[in-house]
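Below: one structure, written as structure tokens.
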Amino acid sequence: MASYRAYTTKFDVEVRADRLHTVLGPLGRHAGVVDEAWHEVQTGLLAWRTRLHITSVEAASRIRAALTNEERAGTVVSLLFDQSGSMRGQKMLFAAATADVVQEFLLALGISCEVLGFTTVKWRGGRSRRRWFWRFQPRNPGRLNDLLHIVYQSADEQRVSTCRWDFRQMLRPDLPKENIDGEAILWAAGRLSSLPARRKHLIVLSDGAPCDDSTLFENGPSYLVDHLEQVVGELDKTSDIRIAAMGIGFKAQPLYPVSAYVEAPDELGTAMISLLEKVLTDIQVSQSSP
């Protein structure tokens with residue numbers, strides 16, 4: 001495998017969710033679509049949220065029995081959401097709702113929680129590809145798109161809240177594009193590494209293998225998945241961060257040491273609570289459906 005690299009990082013963006021408009025522009029004609037989707041999260045999923053709340057209460061009781069107050073206070077969980085084009089629609093709707101419920105669940109336990117998202121700024125390589133095209137077009141240029149990494153909730157936000165406005169930004173129809181998972185995991189892990197918590201967990205939610213046509217066309221079809229495997233393997237062996245994955249219609253077991261799997265988006269909330277309980281209490285986890 002060719003050594004992984006980025007052709008340029010000049011056009012990569014890290015942004016707070018409430019500043020996404022500075023990257024994507026104002027919602028404009030999409031505003032009504034986002035309002036309707038967010039209304040569905042707040043009111044249309046009430047029965048789903050009620051069932052998930054019952055599951056959460058039961059899981060929280062078991063976690064409190066397994067972990068002391070000090071252990072929970074010394075734990076941080078980072079939720080990293082794939083926001084690629086294939087996540088549009090029901091997957092993203094339930095991802096936003098799950099992020100909202102899970103962050104509340106963790107903070108109520110006294111566990112710090114970070115919620116992050118990753119995609120690309122543009123389709124078809126964006127400014128990175130244009131720079132490569134107009135400069136010497138070297139063969140095997142490396143990653144050839146502009147990363148977009150989004151902070152929906154940082155680990156220092158400790159206020160327990162429901163229906164956080166920031167998660168509404170997940171529902172922008174102009175947000176999902178490509179997914180470059182390996183670099184997103186390195187970014188999320190770097191944020192975790194800077195925190196003083198003794199127990200650190202990174203949970204990746206994705207519906208498929210990494211894909212960016214611009215990068216794969218110039219570097220080979222396995223370039224991004226090879227890098228993902230390398231990143232996950234190195235973190236698992238050398239880092240104090242425990243990494244796991246939740247797959248939606250996608251079995252992540254070959255890529256991650258710990259994983260769970262759901263077929264339908266509406267199963268995501270319960271499965272995520274179950275995975276978190278197992279990871280936090282060190283129960284052996286294998287690929288499973290709820």
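In the structure tokens, the first chain shown is A, the next is B, and so on; residue numbers restart at 1 for each chain, and ligands run from 1 in the order shown.
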
Sorted per-residue table, range 211-238 of chain A near range 5-13 of chain A, closest atoms and distance, 12 Å, only C-alpha atoms, as CSV:
```
residue,atom,partner,partner_atom,distance
A:Ser214,CA,A:Tyr7,CA,11.6
A:Thr215,CA,A:Ala6,CA,9.4
A:Glu218,CA,A:Tyr7,CA,11.2
A:Asn219,CA,A:Arg5,CA,10.6
A:Tyr223,CA,A:Arg5,CA,10.2
A:Leu224,CA,A:Arg5,CA,10.3
A:His227,CA,A:Arg5,CA,9.4
```

DSSP strand (DSSP E or B) residues within range 165-226 of chain A, as number ranges by chain: A: 177, 179, 199-206, 211

Restrict the calculation to only C-alpha atoms, then for each residue of range 94-131 of chain A with any atom at most 9 Å from an atom of range 188-210 of chain A give the closest atom pair and their distance in Å to one decimal, rows by chain and rising residue number, as JSON lines.
```
{"residue": "A:Ala95", "atom": "CA", "partner": "A:Leu205", "partner_atom": "CA", "distance": 8.5}
{"residue": "A:Ser112", "atom": "CA", "partner": "A:Ala197", "partner_atom": "CA", "distance": 8.9}
{"residue": "A:Glu114", "atom": "CA", "partner": "A:Leu192", "partner_atom": "CA", "distance": 8.9}
{"residue": "A:Leu116", "atom": "CA", "partner": "A:Ala188", "partner_atom": "CA", "distance": 7.6}
```

Tell me, as a PDB file with N, CA and C atoms, in the first residue's frame, which residues lie within 12 Å of Gln42 in chain A, counting only C-alpha atoms; anything in the same chain fewer than 2 positions away does not count.
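Written out: selection.pdb:
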```
ATOM      1  N   ASP A  35     -36.320  22.662   9.208  1.00  0.00           N
ATOM      2  CA  ASP A  35     -37.341  22.889  10.244  1.00  0.00           C
ATOM      3  C   ASP A  35     -38.283  21.691  10.353  1.00  0.00           C
ATOM      4  N   GLU A  36     -38.689  21.165   9.207  1.00  0.00           N
ATOM      5  CA  GLU A  36     -39.600  20.026   9.212  1.00  0.00           C
ATOM      6  C   GLU A  36     -38.934  18.787   9.818  1.00  0.00           C
ATOM      7  N   ALA A  37     -37.683  18.553   9.462  1.00  0.00           N
ATOM      8  CA  ALA A  37     -36.962  17.391   9.990  1.00  0.00           C
ATOM      9  C   ALA A  37     -36.738  17.527  11.493  1.00  0.00           C
ATOM     10  N   TRP A  38     -36.388  18.737  11.940  1.00  0.00           N
ATOM     11  CA  TRP A  38     -36.145  18.947  13.365  1.00  0.00           C
ATOM     12  C   TRP A  38     -37.442  18.816  14.161  1.00  0.00           C
ATOM     13  N   HIS A  39     -38.556  19.254  13.571  1.00  0.00           N
ATOM     14  CA  HIS A  39     -39.863  19.075  14.211  1.00  0.00           C
ATOM     15  C   HIS A  39     -40.166  17.590  14.386  1.00  0.00           C
ATOM     16  N   GLU A  40     -39.782  16.787  13.392  1.00  0.00           N
ATOM     17  CA  GLU A  40     -39.965  15.337  13.496  1.00  0.00           C
ATOM     18  C   GLU A  40     -39.141  14.768  14.643  1.00  0.00           C
ATOM     19  N   GLY A  44     -42.323  14.095  16.383  1.00  0.00           N
ATOM     20  CA  GLY A  44     -42.734  12.896  15.668  1.00  0.00           C
ATOM     21  C   GLY A  44     -42.125  11.619  16.224  1.00  0.00           C
ATOM     22  N   LEU A  45     -40.997  11.742  16.910  1.00  0.00           N
ATOM     23  CA  LEU A  45     -40.321  10.561  17.461  1.00  0.00           C
ATOM     24  C   LEU A  45     -40.574  10.396  18.957  1.00  0.00           C
ATOM     25  N   LEU A  46     -41.659  10.950  19.465  1.00  0.00           N
ATOM     26  CA  LEU A  46     -41.912  10.904  20.909  1.00  0.00           C
ATOM     27  C   LEU A  46     -42.034   9.464  21.417  1.00  0.00           C
ATOM     28  N   ALA A  47     -42.751   8.619  20.696  1.00  0.00           N
ATOM     29  CA  ALA A  47     -42.889   7.225  21.130  1.00  0.00           C
ATOM     30  C   ALA A  47     -41.531   6.530  21.124  1.00  0.00           C
ATOM     31  N   TRP A  48     -40.743   6.779  20.081  1.00  0.00           N
ATOM     32  CA  TRP A  48     -39.383   6.219  19.989  1.00  0.00           C
ATOM     33  C   TRP A  48     -38.526   6.707  21.151  1.00  0.00           C
ATOM     34  N   ARG A  49     -38.595   7.998  21.445  1.00  0.00           N
ATOM     35  CA  ARG A  49     -37.799   8.560  22.529  1.00  0.00           C
ATOM     36  C   ARG A  49     -38.236   8.006  23.884  1.00  0.00           C
ATOM     37  N   THR A  50     -39.534   7.792  24.060  1.00  0.00           N
ATOM     38  CA  THR A  50     -40.037   7.244  25.321  1.00  0.00           C
ATOM     39  C   THR A  50     -39.496   5.839  25.542  1.00  0.00           C
ATOM     40  N   LEU A  93     -31.700  11.418  10.335  1.00  0.00           N
ATOM     41  CA  LEU A  93     -32.730  11.817  11.287  1.00  0.00           C
ATOM     42  C   LEU A  93     -32.556  11.065  12.604  1.00  0.00           C
ATOM     43  N   PHE A  94     -32.415   9.750  12.524  1.00  0.00           N
ATOM     44  CA  PHE A  94     -32.257   8.960  13.742  1.00  0.00           C
ATOM     45  C   PHE A  94     -30.862   9.130  14.348  1.00  0.00           C
ATOM     46  N   ALA A  96     -29.274  12.049  14.473  1.00  0.00           N
ATOM     47  CA  ALA A  96     -29.410  13.284  15.255  1.00  0.00           C
ATOM     48  C   ALA A  96     -30.190  13.030  16.535  1.00  0.00           C
ATOM     49  N   ALA A  97     -31.292  12.281  16.424  1.00  0.00           N
ATOM     50  CA  ALA A  97     -32.092  11.980  17.616  1.00  0.00           C
ATOM     51  C   ALA A  97     -31.301  11.132  18.606  1.00  0.00           C
ATOM     52  N   THR A  98     -30.528  10.174  18.094  1.00  0.00           N
ATOM     53  CA  THR A  98     -29.718   9.323  18.964  1.00  0.00           C
ATOM     54  C   THR A  98     -28.620  10.132  19.651  1.00  0.00           C
ATOM     55  N   ASP A 100     -28.704  13.192  20.462  1.00  0.00           N
ATOM     56  CA  ASP A 100     -29.351  14.008  21.485  1.00  0.00           C
ATOM     57  C   ASP A 100     -29.641  13.185  22.740  1.00  0.00           C
ATOM     58  N   VAL A 101     -30.228  12.007  22.567  1.00  0.00           N
ATOM     59  CA  VAL A 101     -30.578  11.167  23.721  1.00  0.00           C
ATOM     60  C   VAL A 101     -29.331  10.641  24.416  1.00  0.00           C
ATOM     61  N   THR A 162     -31.973  18.565  26.571  1.00  0.00           N
ATOM     62  CA  THR A 162     -32.679  17.761  25.590  1.00  0.00           C
ATOM     63  C   THR A 162     -32.942  18.596  24.343  1.00  0.00           C
ATOM     64  N   CYS A 163     -32.930  17.954  23.191  1.00  0.00           N
ATOM     65  CA  CYS A 163     -33.163  18.629  21.902  1.00  0.00           C
ATOM     66  C   CYS A 163     -32.209  19.810  21.716  1.00  0.00           C
ATOM     67  N   ARG A 164     -30.924  19.531  21.828  1.00  0.00           N
ATOM     68  CA  ARG A 164     -29.915  20.569  21.643  1.00  0.00           C
ATOM     69  C   ARG A 164     -30.012  21.142  20.230  1.00  0.00           C
ATOM     70  N   TRP A 165     -30.027  22.446  20.130  1.00  0.00           N
ATOM     71  CA  TRP A 165     -30.187  23.111  18.849  1.00  0.00           C
ATOM     72  C   TRP A 165     -29.059  22.742  17.889  1.00  0.00           C
ATOM     73  N   PHE A 167     -27.675  19.975  17.234  1.00  0.00           N
ATOM     74  CA  PHE A 167     -27.908  18.746  16.480  1.00  0.00           C
ATOM     75  C   PHE A 167     -28.848  18.975  15.301  1.00  0.00           C
ATOM     76  N   ARG A 168     -29.580  20.054  15.337  1.00  0.00           N
ATOM     77  CA  ARG A 168     -30.434  20.428  14.198  1.00  0.00           C
ATOM     78  C   ARG A 168     -29.593  20.590  12.926  1.00  0.00           C
TER      79      ARG A 168
END
```

Interatomic distance (Å, one decimal) between CA of Ala264 in chain A and CA of Gly249 in chain A: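 Separation of CA of Ala264 in chain A and CA of Gly249 in chain A: 6.8 Å.
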
What lies within 12 Å of Arg19 in chain A using only C-alpha atoms, ignoring chain neighbours under 5 positions off, as a CSV table (one decimal) with all heavy atoms, in the first residue's frame?
```csv
chain,number,residue,atom,x,y,z
A,13,VAL,N,-11.4,22.1,6.9
A,13,VAL,CA,-12.2,23.0,7.8
A,13,VAL,C,-12.6,22.2,9.0
A,13,VAL,O,-13.1,21.1,9.0
A,13,VAL,CB,-13.4,23.5,7.1
A,13,VAL,CG1,-14.2,24.4,8.1
A,13,VAL,CG2,-13.1,24.3,5.9
A,14,GLU,N,-12.4,22.8,10.2
A,14,GLU,CA,-13.0,22.3,11.5
A,14,GLU,C,-13.8,23.5,12.0
A,14,GLU,O,-13.4,24.6,12.1
A,14,GLU,CB,-11.9,22.0,12.5
A,14,GLU,CG,-12.5,21.6,13.9
A,14,GLU,CD,-11.4,21.3,14.9
A,14,GLU,OE1,-10.3,20.9,14.5
A,14,GLU,OE2,-11.7,21.5,16.1
A,24,LEU,N,-20.9,26.4,4.6
A,24,LEU,CA,-21.9,25.9,3.6
A,24,LEU,C,-22.8,27.0,3.1
A,24,LEU,O,-23.5,26.8,2.1
A,24,LEU,CB,-22.8,24.8,4.2
A,24,LEU,CG,-22.1,23.6,4.8
A,24,LEU,CD1,-23.1,22.6,5.4
A,24,LEU,CD2,-21.3,22.9,3.7
A,25,GLY,N,-22.8,28.2,3.7
A,25,GLY,CA,-23.6,29.2,3.3
A,25,GLY,C,-24.9,29.2,4.1
A,25,GLY,O,-25.2,28.2,4.8
A,26,PRO,N,-25.8,30.2,4.0
A,26,PRO,CA,-27.0,30.2,4.7
A,26,PRO,C,-28.0,29.1,4.2
A,26,PRO,O,-27.8,28.7,3.0
A,26,PRO,CB,-27.6,31.6,4.4
A,26,PRO,CG,-26.9,32.0,3.2
A,26,PRO,CD,-25.6,31.4,3.2
A,27,LEU,N,-28.9,28.7,5.0
A,27,LEU,CA,-29.8,27.6,4.6
A,27,LEU,C,-30.7,28.0,3.4
A,27,LEU,O,-30.9,27.2,2.5
A,27,LEU,CB,-30.7,27.2,5.8
A,27,LEU,CG,-30.1,26.3,6.8
A,27,LEU,CD1,-31.0,26.2,8.0
A,27,LEU,CD2,-30.0,24.9,6.2
A,149,HIS,N,-14.8,18.8,9.3
A,149,HIS,CA,-15.0,18.2,10.6
A,149,HIS,C,-15.8,19.1,11.5
A,149,HIS,O,-15.4,20.3,11.6
A,149,HIS,CB,-13.6,17.9,11.3
A,149,HIS,CG,-12.8,16.8,10.6
A,149,HIS,ND1,-11.5,16.6,10.8
A,149,HIS,CD2,-13.3,15.8,9.8
A,149,HIS,CE1,-11.1,15.6,10.1
A,149,HIS,NE2,-12.2,15.1,9.4
A,150,ILE,N,-16.8,18.6,12.1
A,150,ILE,CA,-17.8,19.5,12.8
A,150,ILE,C,-17.9,19.1,14.3
A,150,ILE,O,-18.0,17.9,14.6
A,150,ILE,CB,-19.2,19.3,12.2
A,150,ILE,CG1,-19.1,19.5,10.7
A,150,ILE,CG2,-20.2,20.2,12.8
A,150,ILE,CD1,-20.1,18.8,9.9
A,151,VAL,N,-17.9,20.1,15.2
A,151,VAL,CA,-18.0,19.9,16.6
A,151,VAL,C,-19.4,20.3,17.0
A,151,VAL,O,-19.8,21.4,17.0
A,151,VAL,CB,-17.0,20.7,17.4
A,151,VAL,CG1,-17.2,20.5,18.9
A,151,VAL,CG2,-15.6,20.4,17.0
A,152,TYR,N,-20.2,19.3,17.3
A,152,TYR,CA,-21.6,19.5,17.7
A,152,TYR,C,-21.7,19.7,19.3
A,152,TYR,O,-22.5,20.5,19.7
A,152,TYR,CB,-22.5,18.3,17.4
A,152,TYR,CG,-22.7,18.2,15.9
A,152,TYR,CD1,-22.0,17.3,15.1
A,152,TYR,CD2,-23.6,19.0,15.2
A,152,TYR,CE1,-22.1,17.2,13.8
A,152,TYR,CE2,-23.8,18.9,13.8
A,152,TYR,CZ,-23.0,18.0,13.1
A,152,TYR,OH,-23.2,17.9,11.8
A,166,ASP,N,-27.9,22.5,18.4
A,166,ASP,CA,-26.7,22.2,17.5
A,166,ASP,C,-27.0,21.0,16.7
A,166,ASP,O,-26.5,20.9,15.5
A,166,ASP,CB,-25.5,22.0,18.4
A,166,ASP,CG,-24.9,23.3,18.9
A,166,ASP,OD1,-25.1,24.4,18.3
A,166,ASP,OD2,-24.3,23.3,20.0
A,169,GLN,N,-28.3,21.0,13.1
A,169,GLN,CA,-27.5,21.2,11.9
A,169,GLN,C,-27.1,19.9,11.2
A,169,GLN,O,-26.8,20.0,10.0
A,169,GLN,CB,-26.2,22.0,12.4
A,169,GLN,CG,-26.4,23.3,13.1
A,169,GLN,CD,-27.3,24.2,12.3
A,169,GLN,OE1,-26.9,24.5,11.2
A,169,GLN,NE2,-28.4,24.7,12.9
```
